[in-house]
Amino acid sequence: MPSEIIVLLKKVCKARGEDLSDFVRRAIYKELADLSFLPKEQKKALGLTRDCLKGV
């Protein structure tokens, strides 16, 4: 990844008080949820609403 993106990710993580690995893990789960590979309960836990889930 470009160094600018890594710097930005680290700033976001610091502001949220989380590790970079947690941020990346959540991003992966959100993408899987968006692709409808996760059950509704996990989508809800990720904060994904019906409005942002196309076709679900």
# chains A, B, ... in the order shown; residues from 1 in each chain; ligands from 1
$ residues_around --residues "Pro39 of chain A" --least-positions-apart "5" --cutoff "12 Å" --atoms "only C-alpha atoms" --output "list in words"
Tyr29, Lys30, Leu32, Ala33, Asp34, Lys44, Ala45, Leu46, Leu48 and Val56 of chain A
$ write_last_selection --atoms "C-alpha atoms" --output "short mmCIF file (atom, residue, chain, number, x, y, z; two decimals), in the first residue's frame"
data_model
loop_
_atom_site.label_atom_id
_atom_site.label_comp_id
_atom_site.auth_asym_id
_atom_site.auth_seq_id
_atom_site.Cartn_x
_atom_site.Cartn_y
_atom_site.Cartn_z
CA TYR A 29 -15.91 -8.40 7.84
CA LYS A 30 -17.79 -5.40 6.44
CA LEU A 32 -17.95 -9.94 3.46
CA ALA A 33 -21.23 -8.67 4.92
CA ASP A 34 -21.76 -6.34 1.97
CA LYS A 44 -26.17 -5.96 12.54
CA ALA A 45 -23.18 -6.25 14.91
CA LEU A 46 -21.06 -4.49 12.29
CA LEU A 48 -24.76 -2.36 8.72
CA VAL A 56 -30.78 -8.18 1.43
#
$ atom_distance --atom1 "atom CA of Val12 of chain A" --atom2 "atom CA of Gln42 of chain A"
23.3 Å
$ closest_residue --among "A:Ser36, A:Glu41, A:Leu20, A:Ile28" --to "Leu8 of chain A" --atoms "only C-alpha atoms"
A:Leu20
$ select_by_dssp --residues "chain A" --states "alpha helix (DSSP H)" --output "VMD selection string"
chain A and resid 3 to 16 20 to 34 40 to 45
$ decode --residues "segment 16-49 of chain A" --atoms "C-alpha atoms" --output "mmCIF file, in the first residue's frame"
data_model
loop_
_atom_site.group_PDB
_atom_site.id
_atom_site.type_symbol
_atom_site.label_atom_id
_atom_site.label_comp_id
_atom_site.auth_asym_id
_atom_site.auth_seq_id
_atom_site.Cartn_x
_atom_site.Cartn_y
_atom_site.Cartn_z
ATOM 1 C CA ARG A 16 -10.382 5.524 17.422
ATOM 2 C CA GLY A 17 -8.094 3.980 20.015
ATOM 3 C CA GLU A 18 -7.718 0.721 18.114
ATOM 4 C CA ASP A 19 -4.979 -1.351 16.560
ATOM 5 C CA LEU A 20 -4.420 -1.382 12.819
ATOM 6 C CA SER A 21 -5.142 -5.120 12.803
ATOM 7 C CA ASP A 22 -8.573 -4.470 14.374
ATOM 8 C CA PHE A 23 -9.346 -1.868 11.711
ATOM 9 C CA VAL A 24 -8.349 -4.229 8.904
ATOM 10 C CA ARG A 25 -10.269 -7.141 10.445
ATOM 11 C CA ARG A 26 -13.447 -5.045 10.687
ATOM 12 C CA ALA A 27 -13.004 -3.821 7.092
ATOM 13 C CA ILE A 28 -12.785 -7.427 5.892
ATOM 14 C CA TYR A 29 -15.909 -8.397 7.838
ATOM 15 C CA LYS A 30 -17.793 -5.398 6.437
ATOM 16 C CA GLU A 31 -16.847 -6.340 2.892
ATOM 17 C CA LEU A 32 -17.952 -9.942 3.459
ATOM 18 C CA ALA A 33 -21.231 -8.671 4.917
ATOM 19 C CA ASP A 34 -21.763 -6.338 1.974
ATOM 20 C CA LEU A 35 -21.299 -9.318 -0.345
ATOM 21 C CA SER A 36 -23.909 -11.216 1.734
ATOM 22 C CA PHE A 37 -21.506 -13.859 2.985
ATOM 23 C CA LEU A 38 -22.351 -13.183 6.647
ATOM 24 C CA PRO A 39 -25.606 -13.824 8.527
ATOM 25 C CA LYS A 40 -27.930 -10.981 9.530
ATOM 26 C CA GLU A 41 -26.748 -11.047 13.158
ATOM 27 C CA GLN A 42 -23.159 -10.381 12.156
ATOM 28 C CA LYS A 43 -24.239 -7.638 9.741
ATOM 29 C CA LYS A 44 -26.165 -5.955 12.543
ATOM 30 C CA ALA A 45 -23.183 -6.253 14.905
ATOM 31 C CA LEU A 46 -21.059 -4.495 12.289
ATOM 32 C CA GLY A 47 -23.537 -1.616 12.209
ATOM 33 C CA LEU A 48 -24.755 -2.361 8.716
ATOM 34 C CA THR A 49 -28.384 -1.432 8.238
#
